Structures are given as structure tokens and as C-alpha cells.
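Shown here: model19.cif, mmCIF, N, CA and C atoms.
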```cif
data_run
loop_
_atom_site.label_atom_id
_atom_site.label_comp_id
_atom_site.auth_asym_id
_atom_site.auth_seq_id
_atom_site.Cartn_x
_atom_site.Cartn_y
_atom_site.Cartn_z
N MET A 1 -8.05 17.59 -13.36
CA MET A 1 -7.88 16.52 -12.40
C MET A 1 -7.90 15.19 -13.14
N ARG A 2 -6.99 14.31 -12.78
CA ARG A 2 -6.92 13.01 -13.42
C ARG A 2 -8.02 12.09 -12.92
N LYS A 3 -8.43 11.19 -13.80
CA LYS A 3 -9.45 10.21 -13.44
C LYS A 3 -8.82 9.18 -12.50
N ARG A 4 -9.53 8.85 -11.46
CA ARG A 4 -9.03 7.87 -10.49
C ARG A 4 -9.23 6.46 -11.02
N ILE A 5 -8.35 5.57 -10.64
CA ILE A 5 -8.45 4.17 -11.05
C ILE A 5 -9.22 3.45 -9.95
N GLU A 6 -10.41 3.00 -10.30
CA GLU A 6 -11.34 2.47 -9.30
C GLU A 6 -10.80 1.24 -8.57
N TRP A 7 -10.18 0.30 -9.29
CA TRP A 7 -9.73 -0.92 -8.64
C TRP A 7 -8.61 -0.64 -7.64
N ILE A 8 -7.83 0.41 -7.87
CA ILE A 8 -6.78 0.77 -6.91
C ILE A 8 -7.40 1.35 -5.65
N ASP A 9 -8.42 2.18 -5.79
CA ASP A 9 -9.12 2.71 -4.62
C ASP A 9 -9.74 1.58 -3.79
N ILE A 10 -10.30 0.60 -4.46
CA ILE A 10 -10.90 -0.55 -3.76
C ILE A 10 -9.81 -1.35 -3.05
N ALA A 11 -8.69 -1.59 -3.73
CA ALA A 11 -7.59 -2.34 -3.12
C ALA A 11 -7.03 -1.61 -1.90
N LYS A 12 -6.91 -0.29 -2.00
CA LYS A 12 -6.43 0.48 -0.85
C LYS A 12 -7.41 0.41 0.31
N GLY A 13 -8.71 0.45 0.01
CA GLY A 13 -9.72 0.32 1.06
C GLY A 13 -9.65 -1.02 1.75
N ILE A 14 -9.47 -2.08 0.97
CA ILE A 14 -9.33 -3.42 1.55
C ILE A 14 -8.07 -3.50 2.41
N ALA A 15 -6.99 -2.91 1.95
CA ALA A 15 -5.74 -2.93 2.71
C ALA A 15 -5.90 -2.16 4.02
N ILE A 16 -6.59 -1.03 3.99
CA ILE A 16 -6.80 -0.25 5.21
C ILE A 16 -7.63 -1.05 6.21
N LEU A 17 -8.68 -1.70 5.73
CA LEU A 17 -9.49 -2.55 6.62
C LEU A 17 -8.66 -3.70 7.18
N ALA A 18 -7.78 -4.28 6.35
CA ALA A 18 -6.93 -5.37 6.81
C ALA A 18 -5.99 -4.89 7.92
N VAL A 19 -5.47 -3.68 7.80
CA VAL A 19 -4.60 -3.13 8.84
C VAL A 19 -5.37 -2.98 10.15
N VAL A 20 -6.56 -2.41 10.06
CA VAL A 20 -7.37 -2.21 11.27
C VAL A 20 -7.72 -3.56 11.91
N ILE A 21 -8.18 -4.50 11.10
CA ILE A 21 -8.54 -5.83 11.63
C ILE A 21 -7.31 -6.53 12.19
N GLY A 22 -6.20 -6.47 11.45
CA GLY A 22 -4.97 -7.13 11.90
C GLY A 22 -4.46 -6.59 13.22
N HIS A 23 -4.52 -5.27 13.39
CA HIS A 23 -4.05 -4.69 14.64
C HIS A 23 -5.04 -4.90 15.77
N THR A 24 -6.29 -5.11 15.43
CA THR A 24 -7.27 -5.44 16.46
C THR A 24 -7.08 -6.86 16.97
N LEU A 25 -6.83 -7.78 16.04
CA LEU A 25 -6.61 -9.18 16.41
C LEU A 25 -5.25 -9.40 17.05
N GLY A 26 -4.27 -8.66 16.60
CA GLY A 26 -2.91 -8.85 17.08
C GLY A 26 -2.20 -9.89 16.23
N PRO A 27 -0.90 -9.71 16.03
CA PRO A 27 -0.17 -10.60 15.13
C PRO A 27 0.11 -11.98 15.71
N TYR A 28 0.07 -12.10 17.00
CA TYR A 28 0.48 -13.35 17.63
C TYR A 28 -0.66 -14.05 18.35
N ASN A 29 -1.85 -13.96 17.79
CA ASN A 29 -2.98 -14.60 18.45
C ASN A 29 -3.10 -16.08 18.09
N GLY A 30 -2.24 -16.57 17.18
CA GLY A 30 -2.22 -17.98 16.85
C GLY A 30 -3.32 -18.42 15.89
N GLN A 31 -4.10 -17.49 15.41
CA GLN A 31 -5.17 -17.84 14.49
C GLN A 31 -4.71 -17.66 13.06
N PHE A 32 -5.23 -18.50 12.17
CA PHE A 32 -4.87 -18.46 10.77
C PHE A 32 -5.25 -17.13 10.15
N PHE A 33 -6.42 -16.60 10.47
CA PHE A 33 -6.91 -15.35 9.87
C PHE A 33 -5.99 -14.18 10.19
N GLY A 34 -5.55 -14.09 11.44
CA GLY A 34 -4.64 -13.02 11.83
C GLY A 34 -3.30 -13.12 11.12
N SER A 35 -2.79 -14.34 10.99
CA SER A 35 -1.53 -14.55 10.28
C SER A 35 -1.67 -14.22 8.80
N LEU A 36 -2.81 -14.55 8.21
CA LEU A 36 -3.06 -14.26 6.81
C LEU A 36 -3.07 -12.76 6.56
N ILE A 37 -3.74 -12.02 7.42
CA ILE A 37 -3.80 -10.56 7.27
C ILE A 37 -2.41 -9.95 7.38
N PHE A 38 -1.61 -10.41 8.35
CA PHE A 38 -0.28 -9.84 8.52
C PHE A 38 0.66 -10.22 7.39
N ALA A 39 0.31 -11.26 6.63
CA ALA A 39 1.15 -11.65 5.49
C ALA A 39 0.99 -10.71 4.31
N PHE A 40 -0.15 -10.01 4.19
CA PHE A 40 -0.35 -9.20 2.99
C PHE A 40 -0.70 -7.74 3.23
N HIS A 41 -1.01 -7.33 4.44
CA HIS A 41 -1.54 -5.97 4.58
C HIS A 41 -0.51 -4.88 4.30
N MET A 42 0.76 -5.08 4.59
CA MET A 42 1.77 -4.08 4.22
C MET A 42 2.28 -4.26 2.80
N PRO A 43 2.54 -5.49 2.35
CA PRO A 43 2.99 -5.64 0.96
C PRO A 43 2.03 -5.05 -0.07
N ILE A 44 0.73 -5.07 0.21
CA ILE A 44 -0.21 -4.52 -0.77
C ILE A 44 -0.02 -3.00 -0.90
N PHE A 45 0.32 -2.31 0.19
CA PHE A 45 0.60 -0.87 0.09
C PHE A 45 1.86 -0.62 -0.74
N PHE A 46 2.90 -1.44 -0.54
CA PHE A 46 4.13 -1.28 -1.32
C PHE A 46 3.87 -1.53 -2.80
N MET A 47 3.10 -2.55 -3.11
CA MET A 47 2.81 -2.86 -4.52
C MET A 47 2.00 -1.73 -5.17
N LEU A 48 1.00 -1.23 -4.47
CA LEU A 48 0.19 -0.14 -5.04
C LEU A 48 1.01 1.13 -5.19
N SER A 49 1.89 1.41 -4.24
CA SER A 49 2.74 2.60 -4.35
C SER A 49 3.68 2.49 -5.54
N GLY A 50 4.25 1.30 -5.73
CA GLY A 50 5.13 1.10 -6.87
C GLY A 50 4.38 1.20 -8.19
N TYR A 51 3.16 0.71 -8.22
CA TYR A 51 2.36 0.78 -9.44
C TYR A 51 2.00 2.23 -9.78
N LEU A 52 1.74 3.04 -8.77
CA LEU A 52 1.33 4.42 -8.99
C LEU A 52 2.48 5.40 -9.13
N TYR A 53 3.71 4.96 -8.82
CA TYR A 53 4.86 5.86 -8.86
C TYR A 53 5.16 6.30 -10.29
N HIS A 54 5.43 7.56 -10.44
CA HIS A 54 5.92 8.09 -11.71
C HIS A 54 6.88 9.23 -11.39
N SER A 55 7.98 9.26 -12.12
CA SER A 55 8.96 10.31 -11.87
C SER A 55 8.51 11.60 -12.55
N ARG A 56 8.92 12.69 -11.99
CA ARG A 56 8.58 14.00 -12.55
C ARG A 56 9.59 14.35 -13.62
N PRO A 57 9.15 15.04 -14.66
CA PRO A 57 10.10 15.44 -15.71
C PRO A 57 11.22 16.30 -15.15
N GLY A 58 12.44 16.02 -15.58
CA GLY A 58 13.58 16.82 -15.17
C GLY A 58 14.19 16.42 -13.85
N THR A 59 13.74 15.32 -13.27
CA THR A 59 14.32 14.87 -12.00
C THR A 59 14.95 13.49 -12.20
N THR A 60 15.89 13.19 -11.31
CA THR A 60 16.49 11.87 -11.30
C THR A 60 16.09 11.17 -10.01
N ARG A 61 16.38 9.90 -9.92
CA ARG A 61 16.02 9.16 -8.71
C ARG A 61 16.73 9.72 -7.49
N MET A 62 17.95 10.12 -7.63
CA MET A 62 18.72 10.58 -6.48
C MET A 62 18.46 12.03 -6.11
N SER A 63 17.74 12.79 -6.94
CA SER A 63 17.53 14.20 -6.62
C SER A 63 16.71 14.40 -5.35
N ALA A 64 15.89 13.42 -4.99
CA ALA A 64 15.10 13.54 -3.77
C ALA A 64 15.98 13.50 -2.53
N TRP A 65 17.14 12.87 -2.62
CA TRP A 65 18.03 12.75 -1.47
C TRP A 65 18.85 14.02 -1.22
N HIS A 66 18.85 14.94 -2.16
CA HIS A 66 19.68 16.13 -2.05
C HIS A 66 18.92 17.37 -1.59
N HIS A 67 17.74 17.19 -1.04
CA HIS A 67 16.95 18.35 -0.58
C HIS A 67 17.24 18.67 0.85
#
```
In C-alpha cells, what does this structure look like?
Amino acid sequence: MRKRIEWIDIAKGIAILAVVIGHTLGPYNGQFFGSLIFAFHMPIFFMLSGYLYHSRPGTTRMSAWHH
């Protein structure tokens, strides 16, 4: 089993909490805090996914589309 990267686990936990808080407050409540959360809670998941992505040996990018 590979060793987990602690800062990524922490960042994912913060992002999950931001999603819960953001959806509790609602995106259009007019408050700065709600707008701030909606500005980063999804992009952080995309950034972490891109950072953790690695292709498997013997596959190409388009091979996933041919299944």
C-alpha cells in the first residue's frame, strides 16, 4: 500500500467541509463568506484530482473513451 500524502488528505477534508457549509448557506445569500466558499470549493477538487492523476502503463489518454 502506498503512503498517503497528509497535506492532500487535509486539503480534501477542508474542501468537503466547504461544500457542506456552502450548500448550507446557499450560493445566493449575499454574504461574503458564502461567495468565498463557492469560489473555491469545486476548483480545489479539480486541482487535487489533477495533481494525483497518473496514467497507467500501456494506456493512452483516449483509451478510456473506447470502453
Please write as a list in words the full residue list that the PyMOL selection byres ((chain A and resi 1-12) around 8) yields on this file.
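Evaluating the PyMOL selection byres ((chain A and resi 1-12) around 8) on these coordinates yields Gly13, Ile14, Ala15, Ile16, Leu17, Ala18, Ile44, Phe45 and Leu48 of chain A.
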Once you have the residues from the selection above, write them out as a compact mmCIF listing (two decimals), in the frame of the given file, restricted to N, CA and C atoms.
```txt
# COMPACT_ATOMS: atom_id res chain seq x y z
N GLY A 13 -8.71 0.45 0.01
CA GLY A 13 -9.72 0.32 1.06
C GLY A 13 -9.65 -1.02 1.75
N ILE A 14 -9.47 -2.08 0.97
CA ILE A 14 -9.33 -3.42 1.55
C ILE A 14 -8.07 -3.50 2.41
N ALA A 15 -6.99 -2.91 1.95
CA ALA A 15 -5.74 -2.93 2.71
C ALA A 15 -5.90 -2.16 4.02
N ILE A 16 -6.59 -1.03 3.99
CA ILE A 16 -6.80 -0.25 5.21
C ILE A 16 -7.63 -1.05 6.21
N LEU A 17 -8.68 -1.70 5.73
CA LEU A 17 -9.49 -2.55 6.62
C LEU A 17 -8.66 -3.70 7.18
N ALA A 18 -7.78 -4.28 6.35
CA ALA A 18 -6.93 -5.37 6.81
C ALA A 18 -5.99 -4.89 7.92
N ILE A 44 0.73 -5.07 0.21
CA ILE A 44 -0.21 -4.52 -0.77
C ILE A 44 -0.02 -3.00 -0.90
N PHE A 45 0.32 -2.31 0.19
CA PHE A 45 0.60 -0.87 0.09
C PHE A 45 1.86 -0.62 -0.74
N LEU A 48 1.00 -1.23 -4.47
CA LEU A 48 0.19 -0.14 -5.04
C LEU A 48 1.01 1.13 -5.19
```
Atom pair atom CA of Gly22 of chain A / atom CA of Phe46 of chain A: separation (Å):
17.1 Å
In Å, how far is it from atom N of Ala39 of chain A to atom CA of Tyr51 of chain A?
20.2 Å
What is the distance between atom CA of Ser35 of chain A and atom CA of Tyr53 of chain A, in Å to one decimal?
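These two atoms are separated by 28.7 Å.
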Can you sort out segment 14-25 of chain A so it carries all heavy atoms, written as a PDB file, keeping the file's coordinate frame?
```pdb
ATOM      1  N   ILE A  14      -9.470  -2.080   0.970  1.00  0.00           N
ATOM      2  CA  ILE A  14      -9.330  -3.420   1.550  1.00  0.00           C
ATOM      3  C   ILE A  14      -8.070  -3.500   2.410  1.00  0.00           C
ATOM      4  O   ILE A  14      -8.100  -4.067   3.515  1.00  0.00           O
ATOM      5  CB  ILE A  14      -9.304  -4.483   0.434  1.00  0.00           C
ATOM      6  CG1 ILE A  14     -10.688  -4.582  -0.217  1.00  0.00           C
ATOM      7  CG2 ILE A  14      -8.861  -5.843   0.972  1.00  0.00           C
ATOM      8  CD1 ILE A  14     -10.721  -5.397  -1.490  1.00  0.00           C
ATOM      9  N   ALA A  15      -6.990  -2.910   1.950  1.00  0.00           N
ATOM     10  CA  ALA A  15      -5.740  -2.930   2.710  1.00  0.00           C
ATOM     11  C   ALA A  15      -5.900  -2.160   4.020  1.00  0.00           C
ATOM     12  O   ALA A  15      -5.393  -2.587   5.063  1.00  0.00           O
ATOM     13  CB  ALA A  15      -4.601  -2.358   1.881  1.00  0.00           C
ATOM     14  N   ILE A  16      -6.590  -1.030   3.990  1.00  0.00           N
ATOM     15  CA  ILE A  16      -6.800  -0.250   5.210  1.00  0.00           C
ATOM     16  C   ILE A  16      -7.630  -1.050   6.210  1.00  0.00           C
ATOM     17  O   ILE A  16      -7.320  -1.097   7.410  1.00  0.00           O
ATOM     18  CB  ILE A  16      -7.462   1.103   4.881  1.00  0.00           C
ATOM     19  CG1 ILE A  16      -6.469   2.006   4.155  1.00  0.00           C
ATOM     20  CG2 ILE A  16      -7.993   1.784   6.142  1.00  0.00           C
ATOM     21  CD1 ILE A  16      -7.082   3.240   3.529  1.00  0.00           C
ATOM     22  N   LEU A  17      -8.680  -1.700   5.730  1.00  0.00           N
ATOM     23  CA  LEU A  17      -9.490  -2.550   6.620  1.00  0.00           C
ATOM     24  C   LEU A  17      -8.660  -3.700   7.180  1.00  0.00           C
ATOM     25  O   LEU A  17      -8.802  -4.067   8.347  1.00  0.00           O
ATOM     26  CB  LEU A  17     -10.707  -3.097   5.869  1.00  0.00           C
ATOM     27  CG  LEU A  17     -11.806  -2.093   5.569  1.00  0.00           C
ATOM     28  CD1 LEU A  17     -12.886  -2.733   4.695  1.00  0.00           C
ATOM     29  CD2 LEU A  17     -12.414  -1.571   6.860  1.00  0.00           C
ATOM     30  N   ALA A  18      -7.780  -4.280   6.350  1.00  0.00           N
ATOM     31  CA  ALA A  18      -6.930  -5.370   6.810  1.00  0.00           C
ATOM     32  C   ALA A  18      -5.990  -4.890   7.920  1.00  0.00           C
ATOM     33  O   ALA A  18      -5.734  -5.628   8.875  1.00  0.00           O
ATOM     34  CB  ALA A  18      -6.139  -5.953   5.652  1.00  0.00           C
ATOM     35  N   VAL A  19      -5.470  -3.680   7.800  1.00  0.00           N
ATOM     36  CA  VAL A  19      -4.600  -3.130   8.840  1.00  0.00           C
ATOM     37  C   VAL A  19      -5.370  -2.980  10.150  1.00  0.00           C
ATOM     38  O   VAL A  19      -4.899  -3.379  11.208  1.00  0.00           O
ATOM     39  CB  VAL A  19      -3.987  -1.776   8.395  1.00  0.00           C
ATOM     40  CG1 VAL A  19      -3.310  -1.068   9.560  1.00  0.00           C
ATOM     41  CG2 VAL A  19      -3.006  -1.977   7.256  1.00  0.00           C
ATOM     42  N   VAL A  20      -6.560  -2.410  10.060  1.00  0.00           N
ATOM     43  CA  VAL A  20      -7.370  -2.210  11.270  1.00  0.00           C
ATOM     44  C   VAL A  20      -7.720  -3.560  11.910  1.00  0.00           C
ATOM     45  O   VAL A  20      -7.549  -3.748  13.121  1.00  0.00           O
ATOM     46  CB  VAL A  20      -8.649  -1.406  10.942  1.00  0.00           C
ATOM     47  CG1 VAL A  20      -9.587  -1.370  12.132  1.00  0.00           C
ATOM     48  CG2 VAL A  20      -8.281   0.007  10.499  1.00  0.00           C
ATOM     49  N   ILE A  21      -8.180  -4.500  11.100  1.00  0.00           N
ATOM     50  CA  ILE A  21      -8.540  -5.830  11.630  1.00  0.00           C
ATOM     51  C   ILE A  21      -7.310  -6.530  12.190  1.00  0.00           C
ATOM     52  O   ILE A  21      -7.348  -7.124  13.274  1.00  0.00           O
ATOM     53  CB  ILE A  21      -9.222  -6.675  10.549  1.00  0.00           C
ATOM     54  CG1 ILE A  21     -10.590  -6.090  10.213  1.00  0.00           C
ATOM     55  CG2 ILE A  21      -9.372  -8.125  10.997  1.00  0.00           C
ATOM     56  CD1 ILE A  21     -11.239  -6.685   8.972  1.00  0.00           C
ATOM     57  N   GLY A  22      -6.200  -6.470  11.450  1.00  0.00           N
ATOM     58  CA  GLY A  22      -4.970  -7.130  11.900  1.00  0.00           C
ATOM     59  C   GLY A  22      -4.460  -6.590  13.220  1.00  0.00           C
ATOM     60  O   GLY A  22      -4.054  -7.345  14.091  1.00  0.00           O
ATOM     61  N   HIS A  23      -4.520  -5.270  13.390  1.00  0.00           N
ATOM     62  CA  HIS A  23      -4.050  -4.690  14.640  1.00  0.00           C
ATOM     63  C   HIS A  23      -5.040  -4.900  15.770  1.00  0.00           C
ATOM     64  O   HIS A  23      -4.653  -4.868  16.937  1.00  0.00           O
ATOM     65  CB  HIS A  23      -3.715  -3.210  14.450  1.00  0.00           C
ATOM     66  CG  HIS A  23      -2.437  -3.007  13.714  1.00  0.00           C
ATOM     67  ND1 HIS A  23      -1.211  -2.997  14.320  1.00  0.00           N
ATOM     68  CD2 HIS A  23      -2.187  -2.828  12.388  1.00  0.00           C
ATOM     69  CE1 HIS A  23      -0.262  -2.821  13.420  1.00  0.00           C
ATOM     70  NE2 HIS A  23      -0.836  -2.714  12.238  1.00  0.00           N
ATOM     71  N   THR A  24      -6.290  -5.110  15.430  1.00  0.00           N
ATOM     72  CA  THR A  24      -7.270  -5.440  16.460  1.00  0.00           C
ATOM     73  C   THR A  24      -7.080  -6.860  16.970  1.00  0.00           C
ATOM     74  O   THR A  24      -7.135  -7.114  18.169  1.00  0.00           O
ATOM     75  CB  THR A  24      -8.707  -5.276  15.907  1.00  0.00           C
ATOM     76  OG1 THR A  24      -8.868  -3.925  15.464  1.00  0.00           O
ATOM     77  CG2 THR A  24      -9.750  -5.590  16.958  1.00  0.00           C
ATOM     78  N   LEU A  25      -6.830  -7.780  16.040  1.00  0.00           N
ATOM     79  CA  LEU A  25      -6.610  -9.180  16.410  1.00  0.00           C
ATOM     80  C   LEU A  25      -5.250  -9.400  17.050  1.00  0.00           C
ATOM     81  O   LEU A  25      -5.096 -10.259  17.909  1.00  0.00           O
ATOM     82  CB  LEU A  25      -6.725 -10.083  15.179  1.00  0.00           C
ATOM     83  CG  LEU A  25      -8.081 -10.183  14.505  1.00  0.00           C
ATOM     84  CD1 LEU A  25      -7.972 -11.050  13.263  1.00  0.00           C
ATOM     85  CD2 LEU A  25      -9.105 -10.758  15.463  1.00  0.00           C
TER      86      LEU A  25
END
```
